[in-house]
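J.: I am sharing final03.cif, which consists of mmCIF, C-alpha atoms and all ligand atoms:
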data_structure
loop_
_atom_site.label_atom_id
_atom_site.label_comp_id
_atom_site.auth_asym_id
_atom_site.auth_seq_id
_atom_site.Cartn_x
_atom_site.Cartn_y
_atom_site.Cartn_z
CA MET D 400 -5.34 18.23 11.49
CA PRO D 401 -4.79 14.63 12.30
CA ALA D 402 -2.00 14.20 9.84
CA GLN D 403 0.75 16.30 8.49
CA THR D 404 3.17 16.00 5.71
CA SER D 405 6.69 15.42 6.79
CA ARG D 406 9.71 15.12 4.66
CA VAL D 407 10.35 11.54 3.90
CA PRO D 408 13.69 10.56 2.55
CA LEU D 409 12.87 8.52 -0.47
CA ILE D 410 15.40 5.86 -0.39
CA ALA D 411 15.60 2.48 -1.81
CA THR D 412 11.95 2.10 -2.66
CA LEU D 413 13.07 2.67 -6.17
CA ALA D 414 14.85 -0.51 -6.40
CA ALA D 415 11.79 -2.59 -6.00
CA LEU D 416 10.57 -1.23 -9.20
CA ALA D 417 13.08 -2.64 -11.40
CA GLY D 418 13.26 -6.34 -11.65
CA VAL D 419 16.10 -5.69 -14.00
CA ALA D 420 19.47 -6.32 -12.59
CA VAL D 421 21.07 -3.21 -13.96
CA LEU D 422 18.60 -1.07 -12.11
CA LEU D 423 19.60 -2.56 -8.83
CA VAL D 424 22.63 -0.35 -8.66
CA ALA D 425 20.84 2.80 -9.67
CA PRO D 426 21.93 5.73 -7.54
CA ALA D 427 19.67 6.96 -4.85
CA PRO D 428 17.32 9.44 -6.39
CA SER D 429 16.53 12.85 -5.23
CA ASP D 430 13.35 13.58 -3.42
CA ALA D 431 10.20 12.96 -5.31
CA PRO D 432 8.80 16.00 -7.00
CA GLY D 433 5.70 17.62 -5.81
CA ARG D 434 5.29 16.21 -2.35
CA ALA D 435 2.11 18.05 -2.12
CA ALA D 436 0.47 19.66 0.77
CA ILE D 437 -1.47 17.35 2.84
CA GLY D 438 -5.15 17.06 3.03
CA ARG D 439 -7.27 15.94 5.83
CA VAL D 440 -7.57 12.33 6.73
CA PRO D 441 -11.01 11.25 5.73
CA THR D 442 -13.23 9.67 8.24
CA ALA D 443 -12.17 6.11 8.36
CA ALA D 444 -15.00 3.71 8.67
CA THR D 445 -13.77 0.24 9.21
CA PRO D 446 -15.85 -2.25 7.31
CA PRO D 447 -16.49 -5.62 8.78
CA ALA D 448 -14.37 -8.42 7.57
CA THR D 449 -16.49 -10.48 5.30
CA ASP D 450 -14.53 -13.55 4.61
CA GLY D 451 -14.41 -15.05 8.02
CA GLU D 452 -11.42 -16.68 9.50
CA ASP D 453 -7.89 -16.93 8.31
CA ARG D 454 -7.24 -19.61 5.86
CA PRO D 455 -3.62 -20.43 6.35
CA GLY D 456 -2.22 -22.52 3.65
CA GLN D 457 -4.32 -20.84 1.01
CA GLY D 458 -1.33 -19.09 -0.36
CA THR D 459 0.28 -20.43 -3.43
CA ASN D 460 2.62 -19.30 -6.07
CA ARG D 461 0.57 -21.02 -8.69
CA PRO D 462 -1.77 -18.73 -10.54
CA THR D 463 -5.28 -19.94 -10.01
CA PRO D 464 -8.57 -18.50 -11.10
CA PRO D 465 -9.60 -15.49 -9.08
CA ALA D 466 -12.15 -16.00 -6.43
CA SER D 467 -15.63 -15.08 -7.32
CA ALA D 468 -16.95 -11.93 -5.79
CA SER D 469 -17.39 -12.51 -2.15
CA GLY D 470 -18.88 -10.84 0.76
CA ARG D 471 -19.40 -7.30 -0.32
CA PRO D 472 -22.54 -6.56 -2.27
CA GLY D 473 -22.05 -4.33 -5.21
CA ASP D 474 -18.33 -4.62 -4.91
CA PRO D 475 -17.15 -3.35 -8.24
CA SER D 476 -19.18 -0.23 -7.92
CA ARG D 477 -17.74 2.74 -6.20
CA PRO D 478 -20.65 4.31 -4.41
CA GLU D 479 -18.41 6.84 -2.76
CA ARG D 480 -17.88 8.39 -6.12
CA ASP D 481 -21.46 9.45 -6.37
CA GLY D 482 -23.45 12.06 -4.69
CA ARG D 483 -20.77 13.94 -2.87
CA ALA D 484 -19.27 16.24 -5.42
CA ASP D 485 -22.05 18.74 -5.00
CA GLU D 486 -21.97 18.77 -1.23
CA PRO D 487 -19.79 21.64 -0.08
CA GLY D 488 -17.66 20.61 2.81
CA ALA D 489 -19.00 17.13 2.70
CA VAL D 490 -17.00 14.37 4.22
CA PRO D 491 -17.16 10.80 3.09
CA SER D 492 -20.12 9.01 4.51
CA ALA D 493 -19.67 6.73 7.44
CA THR D 494 -20.31 3.77 5.20
CA ALA D 495 -17.65 4.72 2.70
CA ARG D 496 -14.56 2.59 2.49
CA PRO D 497 -11.53 3.72 4.45
CA GLY D 498 -9.62 6.28 2.46
CA ALA D 499 -12.60 7.41 0.41
CA SER D 500 -12.32 11.11 -0.35
CA ARG D 501 -14.13 13.79 -2.26
CA THR D 502 -14.06 13.42 -6.00
CA ASP D 503 -14.10 17.09 -6.91
CA ARG D 504 -10.60 17.99 -5.79
CA ARG D 505 -7.13 16.58 -5.63
CA PRO D 506 -6.93 13.68 -3.19
CA PRO D 507 -5.46 14.17 0.24
CA VAL D 508 -1.89 12.98 0.74
CA VAL D 509 -0.93 11.56 4.09
CA ASP D 510 2.34 10.42 5.55
CA HIS D 511 1.14 9.35 8.96
CA GLY D 512 -1.66 9.50 11.45
CA PRO D 513 -2.06 11.51 14.62
CA ARG D 514 0.97 11.48 16.89
CA VAL D 515 -1.08 10.28 19.79
CA GLY D 516 -1.73 6.89 21.23
CA ASN D 517 0.43 3.92 20.37
CA LEU D 518 -0.74 2.69 16.97
CA VAL D 519 1.48 2.31 13.90
CA ALA D 520 0.69 0.95 10.44
CA LEU D 521 2.81 -1.71 8.78
CA THR D 522 2.27 -1.40 5.05
CA PHE D 523 3.60 -3.86 2.48
CA ASP D 524 3.88 -2.97 -1.19
CA ALA D 525 3.38 -5.70 -3.76
CA ASP D 526 5.10 -4.44 -6.86
CA MET D 527 4.86 -6.17 -10.22
CA THR D 528 6.29 -4.77 -13.41
CA ASP D 529 6.48 -6.36 -16.81
CA ALA D 530 10.19 -6.83 -16.21
CA MET D 531 9.45 -8.71 -13.01
CA ARG D 532 6.93 -10.88 -14.81
CA TYR D 533 9.60 -11.72 -17.33
CA GLN D 534 11.93 -12.72 -14.53
CA LEU D 535 9.30 -15.11 -13.24
CA ARG D 536 8.51 -16.53 -16.65
CA SER D 537 12.15 -17.09 -17.46
CA GLY D 538 12.75 -18.82 -14.17
CA ALA D 539 15.34 -16.28 -13.10
CA VAL D 540 13.22 -15.42 -10.10
CA ARG D 541 11.27 -17.90 -8.07
CA SER D 542 8.86 -15.63 -6.25
CA TYR D 543 7.83 -12.06 -5.71
CA ALA D 544 5.42 -13.08 -2.96
CA ASN D 545 7.05 -13.44 0.42
CA LEU D 546 4.92 -16.02 2.15
CA ALA D 547 7.16 -16.02 5.21
CA ILE D 548 5.97 -12.50 5.92
CA ILE D 549 2.35 -13.51 5.64
CA ASP D 550 2.95 -16.62 7.74
CA LEU D 551 4.47 -14.52 10.50
CA LEU D 552 1.75 -11.88 10.45
CA GLU D 553 -0.89 -14.59 10.61
CA ARG D 554 0.84 -16.56 13.33
CA GLU D 555 1.37 -13.48 15.49
CA ARG D 556 -2.03 -12.03 14.61
CA VAL D 557 -0.47 -8.78 13.44
CA PRO D 558 -2.60 -6.31 11.48
CA ALA D 559 -1.13 -5.02 8.23
CA THR D 560 -2.08 -3.20 5.05
CA PHE D 561 -1.09 -4.41 1.60
CA PHE D 562 -0.68 -2.05 -1.35
CA LEU D 563 -1.24 -4.33 -4.33
CA THR D 564 -0.44 -3.81 -7.97
CA GLY D 565 -2.99 -5.30 -10.32
CA LYS D 566 -0.35 -7.41 -12.01
CA TRP D 567 0.80 -8.84 -8.69
CA VAL D 568 -2.77 -9.84 -7.90
CA GLU D 569 -3.04 -11.49 -11.30
CA GLU D 570 0.21 -13.32 -10.66
CA TYR D 571 -0.75 -14.42 -7.15
CA PRO D 572 -4.51 -14.84 -6.91
CA GLY D 573 -4.17 -17.50 -4.24
CA VAL D 574 -2.02 -15.28 -2.07
CA THR D 575 -4.39 -12.41 -2.66
CA ARG D 576 -7.30 -14.55 -1.47
CA ARG D 577 -5.32 -15.35 1.62
CA LEU D 578 -4.70 -11.66 2.30
CA ALA D 579 -8.34 -10.77 1.74
CA ALA D 580 -9.48 -13.56 4.03
CA ASN D 581 -7.56 -12.20 7.01
CA PRO D 582 -9.73 -9.84 9.05
CA ARG D 583 -6.61 -8.01 10.24
CA PHE D 584 -5.41 -7.17 6.74
CA GLU D 585 -6.51 -4.22 4.64
CA LEU D 586 -6.11 -4.11 0.87
CA ALA D 587 -5.02 -0.98 -0.95
CA ASN D 588 -3.99 0.08 -4.45
CA HIS D 589 -0.45 0.46 -5.83
CA THR D 590 -1.31 0.90 -9.55
CA TYR D 591 -1.77 -1.79 -12.14
CA GLY D 592 1.75 -2.28 -13.46
CA HIS D 593 3.93 -0.08 -11.26
CA LEU D 594 4.59 2.61 -13.84
CA ALA D 595 5.83 6.05 -12.83
CA PHE D 596 3.32 8.84 -12.42
CA THR D 597 5.98 11.55 -12.76
CA ALA D 598 8.61 12.06 -15.42
CA ASP D 599 11.57 11.22 -13.22
CA CYS D 600 10.90 8.35 -10.87
CA TYR D 601 13.65 5.84 -10.35
CA GLN D 602 13.94 5.04 -14.03
CA LEU D 603 10.50 3.53 -14.12
CA PRO D 604 8.68 3.82 -17.44
CA THR D 605 6.20 6.67 -17.22
CA ILE D 606 2.48 6.30 -17.71
CA PRO D 607 0.89 8.95 -19.90
CA ARG D 608 -1.26 11.43 -18.04
CA GLN D 609 -4.32 10.39 -19.99
CA ARG D 610 -4.05 6.83 -18.68
CA MET D 611 -3.44 7.55 -15.01
CA ALA D 612 -6.99 7.44 -13.72
CA ALA D 613 -7.89 4.39 -15.78
CA ASP D 614 -4.83 2.55 -14.51
CA VAL D 615 -5.73 3.11 -10.89
CA ALA D 616 -9.42 2.39 -11.47
CA ARG D 617 -8.51 -0.85 -13.22
CA THR D 618 -6.45 -1.87 -10.21
CA PHE D 619 -9.39 -1.34 -7.87
CA ASP D 620 -11.44 -3.48 -10.23
CA VAL D 621 -8.85 -6.26 -10.08
CA ILE D 622 -8.70 -6.21 -6.28
CA ALA D 623 -12.40 -5.71 -5.51
CA PRO D 624 -13.65 -9.24 -6.29
CA TYR D 625 -11.44 -10.64 -3.54
CA GLY D 626 -13.52 -8.90 -0.89
CA GLY D 627 -12.11 -8.57 2.59
CA ARG D 628 -11.18 -5.16 3.90
CA GLN D 629 -11.18 -3.11 0.72
CA THR D 630 -10.08 0.51 0.96
CA ARG D 631 -9.61 3.59 -1.18
CA TYR D 632 -6.01 4.04 -0.09
CA PHE D 633 -3.54 4.47 -2.92
CA ARG D 634 0.24 4.61 -3.06
CA PHE D 635 2.21 5.88 -6.04
CA PRO D 636 5.13 3.77 -7.26
CA GLY D 637 8.29 5.20 -5.78
CA LEU D 638 6.04 7.60 -3.86
CA CYS D 639 6.45 9.84 -6.92
CA HIS D 640 3.64 12.30 -7.48
CA ASP D 641 3.04 15.87 -8.47
CA ARG D 642 0.05 18.15 -8.85
CA THR D 643 -0.73 16.79 -12.27
CA ALA D 644 -0.86 13.20 -11.09
CA LEU D 645 -2.96 14.13 -8.08
CA ALA D 646 -5.37 16.08 -10.28
CA GLU D 647 -5.77 13.13 -12.62
CA LEU D 648 -6.75 10.88 -9.72
CA ALA D 649 -9.25 13.29 -8.21
CA PRO D 650 -12.30 11.59 -9.75
CA LEU D 651 -11.39 8.31 -8.06
CA GLY D 652 -11.93 9.57 -4.53
CA VAL D 653 -8.79 8.07 -3.03
CA THR D 654 -6.44 9.00 -0.23
CA VAL D 655 -2.79 8.98 -1.26
CA VAL D 656 -0.61 7.33 1.36
CA ASP D 657 3.12 7.88 1.30
CA GLY D 658 4.52 7.03 4.71
CA ASP D 659 6.89 8.56 7.20
CA VAL D 660 9.10 5.54 7.83
CA VAL D 661 10.72 4.18 4.68
CA SER D 662 12.40 0.93 5.63
CA GLY D 663 14.70 0.69 2.65
CA ASP D 664 14.02 -3.01 2.40
CA PRO D 665 14.22 -3.35 -1.38
CA PHE D 666 17.38 -5.29 -2.21
CA ALA D 667 18.64 -5.10 1.35
CA LYS D 668 21.65 -7.32 1.90
CA SER D 669 20.98 -7.79 5.59
CA TRP D 670 18.07 -7.40 7.95
CA ARG D 671 19.91 -5.05 10.28
CA PRO D 672 19.69 -1.75 8.36
CA VAL D 673 16.02 -2.42 7.66
CA VAL D 674 15.30 -2.96 11.33
CA ASP D 675 17.39 0.06 12.31
CA ALA D 676 15.70 2.30 9.74
CA VAL D 677 12.29 1.41 11.08
CA LEU D 678 12.95 1.43 14.79
CA SER D 679 14.97 4.66 14.69
CA ARG D 680 12.18 6.59 13.01
CA VAL D 681 8.94 5.03 14.07
CA ARG D 682 6.62 7.03 16.32
CA PRO D 683 2.97 6.90 17.28
CA GLY D 684 0.92 7.28 14.11
CA SER D 685 3.73 6.19 11.81
CA VAL D 686 3.14 4.54 8.47
CA VAL D 687 5.97 2.09 7.78
CA VAL D 688 6.76 1.25 4.16
CA LEU D 689 7.87 -2.34 3.58
CA HIS D 690 7.71 -4.76 0.66
CA VAL D 691 6.30 -8.23 0.28
CA THR D 692 8.15 -8.83 -2.98
CA GLU D 693 10.60 -11.47 -1.74
CA ALA D 694 13.19 -11.57 -4.54
CA ASN D 695 13.25 -7.78 -4.63
CA ALA D 696 13.18 -7.41 -0.84
CA PRO D 697 14.85 -10.57 0.38
CA MET D 698 15.55 -9.56 3.96
CA THR D 699 12.13 -8.30 4.95
CA ASP D 700 10.95 -11.57 6.46
CA GLU D 701 14.10 -11.71 8.57
CA ALA D 702 13.72 -8.10 9.62
CA LEU D 703 10.05 -8.36 10.48
CA PRO D 704 10.22 -10.37 13.71
CA ARG D 705 12.88 -7.98 15.00
CA ILE D 706 10.77 -5.01 13.98
CA LEU D 707 7.77 -6.46 15.80
CA ALA D 708 9.86 -7.08 18.90
CA GLY D 709 11.26 -3.55 18.74
CA LEU D 710 7.81 -2.02 18.36
CA ALA D 711 6.65 -3.91 21.41
CA GLU D 712 9.62 -2.61 23.38
CA LEU D 713 8.70 0.92 22.30
CA GLY D 714 5.14 0.36 23.41
CA LEU D 715 3.86 0.66 19.85
CA ARG D 716 1.19 -1.60 18.41
CA PRO D 717 0.59 -2.40 14.74
CA ALA D 718 -2.91 -1.63 13.49
CA PRO D 719 -4.67 -1.48 10.14
CA LEU D 720 -3.91 1.70 8.24
CA SER D 721 -7.45 2.99 8.56
CA GLU D 722 -7.24 2.77 12.32
CA VAL D 723 -3.88 4.52 12.44
CA LEU D 724 -4.97 7.38 10.19
CA GLY D 725 -8.32 7.72 11.84
CA ALA D 726 -7.20 7.17 15.39
CA THR D 727 -8.39 10.58 16.48
CA PRO D 728 -10.81 12.79 14.62
CA ALA D 729 -9.64 16.19 13.55
CA GLY D 730 -10.28 18.71 16.24
ZN ZN D 801 6.16 -0.04 -5.24
#
Could you show the structure in this file as structure tokens?

T.:
Amino acid sequence: MPAQTSRVPLIATLAALAGVAVLLVAPAPSDAPGRAAIGRVPTAATPPATDGEDRPGQGTNRPTPPASASGRPGDPSRPERDGRADEPGAVPSATARPGASRTDRRPPVVDHGPRVGNLVALTFDADMTDAMRYQLRSGAVRSYANLAIIDLLERERVPATFFLTGKWVEEYPGVTRRLAANPRFELANHTYGHLAFTADCYQLPTIPRQRMAADVARTFDVIAPYGGRQTRYFRFPGLCHDRTALAELAPLGVTVVDGDVVSGDPFAKSWRPVVDAVLSRVRPGSVVVLHVTEANAPMTDEALPRILAGLAELGLRPAPLSEVLGATPAG
């Protein structure tokens, strides 16, 4: 198997969820329930980038109308959902988006890719809760979109994968266009409004079971029109999931991505512990969990150059998530 589940200490990811000051001091939670057995890593076909070159300077904090559908014919449809459920042992077709999985069983859950080679995935979560939106509207928070991170990744030509909430995309359509336009960036799904998919997840409000699949499907629909490197990778808020949540998402044909290197960047007071957390744990095939939420992860842009330098010293090279998870076929 190219990937295995490993125990991941779920640390401060919780904090990013809040947007409410009182939650910032919430105690570290226990491990997420139901860290389920892993599935295979689906064949990762890397789609061509469709939007051409980088467009630095596209980013903006001002909400602007979403881009019209670009680049990918039939974007809103999910062809990988069709025609596979009745194929025993079928694997996603070579043309399926990265992360596409069978729709007749619980989705695979991966923490990392094969421990071979020198590739690692830098993943950035873009949380947006209603509480965070209120903070923006009230002027208490200036930005939950850390453009310094994107500037650095673009300048250094570093591949990365962004797990977007639907509400973040709606808040930052210009930044989302910029992400989609970068051929080194992959786009993934982090729910619509960052609600909890288990009963006890860092004090996040819980989404009813009956709404889980629709919430995640809606998020794909919000992201899809931006084009670029769309995937079927999905990350639960707080990495909280159990068998029920996984079963509810089965029809969507996703791959659940947790990560084996949790940086702890939410609400970090200094870059140093973030850098240390990453560089002390990262290995070939690692999936590093970071945040692009600026006000809720204010040190990440200061940590990132040091992380990149440290990775280089370790001989590790950032790559899109699909390439890290699919680096070597199962044998
Ligand atoms: Zn999150």

J.: For segment 694-703 of chain D, please output as an MDAnalysis selection string all residues within 8 Å (counting all atoms listed in the file; exclusion window: fewer than 6 positions along the same chain).

T.: chainID D and resid 414:415 418 540:543 545 547:548 664:671 673:674

J.: Hey, which bits of chain D sit within 10 Å of ligand ZN 801 (chain D), and for each residue what's the closest pair of atoms and how far apart in Å (one decimal), counting all atoms listed in the file, rows by chain and increasing number, as a tab-separated table?

T.:
residue	atom	partner	partner_atom	distance
D:Thr412	CA	D:ZN801	ZN	6.7
D:Leu413	CA	D:ZN801	ZN	7.5
D:Ala414	CA	D:ZN801	ZN	8.8
D:Ala415	CA	D:ZN801	ZN	6.2
D:Leu416	CA	D:ZN801	ZN	6.0
D:Ala417	CA	D:ZN801	ZN	9.6
D:Phe523	CA	D:ZN801	ZN	9.0
D:Asp524	CA	D:ZN801	ZN	5.5
D:Ala525	CA	D:ZN801	ZN	6.5
D:Asp526	CA	D:ZN801	ZN	4.8
D:Met527	CA	D:ZN801	ZN	8.0
D:Thr528	CA	D:ZN801	ZN	9.4
D:Phe562	CA	D:ZN801	ZN	8.1
D:Leu563	CA	D:ZN801	ZN	8.6
D:Thr564	CA	D:ZN801	ZN	8.1
D:His589	CA	D:ZN801	ZN	6.7
D:Thr590	CA	D:ZN801	ZN	8.7
D:Gly592	CA	D:ZN801	ZN	9.6
D:His593	CA	D:ZN801	ZN	6.4
D:Leu594	CA	D:ZN801	ZN	9.1
D:Ala595	CA	D:ZN801	ZN	9.7
D:Arg634	CA	D:ZN801	ZN	7.8
D:Phe635	CA	D:ZN801	ZN	7.2
D:Pro636	CA	D:ZN801	ZN	4.4
D:Gly637	CA	D:ZN801	ZN	5.7
D:Leu638	CA	D:ZN801	ZN	7.8
D:Pro665	CA	D:ZN801	ZN	9.5
D:Val688	CA	D:ZN801	ZN	9.5
D:Leu689	CA	D:ZN801	ZN	9.3
D:His690	CA	D:ZN801	ZN	7.7
D:Val691	CA	D:ZN801	ZN	9.9
D:Thr692	CA	D:ZN801	ZN	9.3

J.: What is the distance between atom CA of Val655 of chain D and atom CA of Gly573 of chain D, in Å to one decimal?

T.: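 Atom CA of Gly573 of chain D lies 26.7 Å from atom CA of Val655 of chain D.
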
J.: Just give me the gap between atom CA of Ala520 of chain D and atom CA of Leu720 of chain D in Å, one decimal is fine.

T.: 5.2 Å

J.: Do a neighbour search on Pro558 of chain D at 10 Å with only C-alpha atoms, toss out local chain neighbours closer than 3 positions, and write the hits as a ChimeraX atom specification.

T.: /D:519-522,552-553,555,581-585,716-720

J.: Could you tell me how far atom CA of Ala539 of chain D sits from atom CA of Pro572 of chain D, in Å to one decimal place?

T.: 20.8 Å

J.: Could you check which of D:Ala711, D:Val723, D:Ala646, D:Ile549 is closest to Val687 of chain D, using all atoms listed in the file?

T.: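 Closest to Val687 of chain D, using all atoms listed in the file: D:Val723.
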
J.: Tell me which of D:Ala559, D:Val508, D:Val568, D:Leu578 sits closest to Arg532 of chain D, counting all atoms listed in the file.

T.: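 Closest residue, counting all atoms listed in the file: D:Val568.
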
J.: Return the single residue from D:Leu586, D:Leu648, D:Ala708, D:Val681 that is closest to Ala612 of chain D, with distances computed using only C-alpha atoms.

T.: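 Of the candidates, the smallest distance to Ala612 of chain D is held by D:Leu648.
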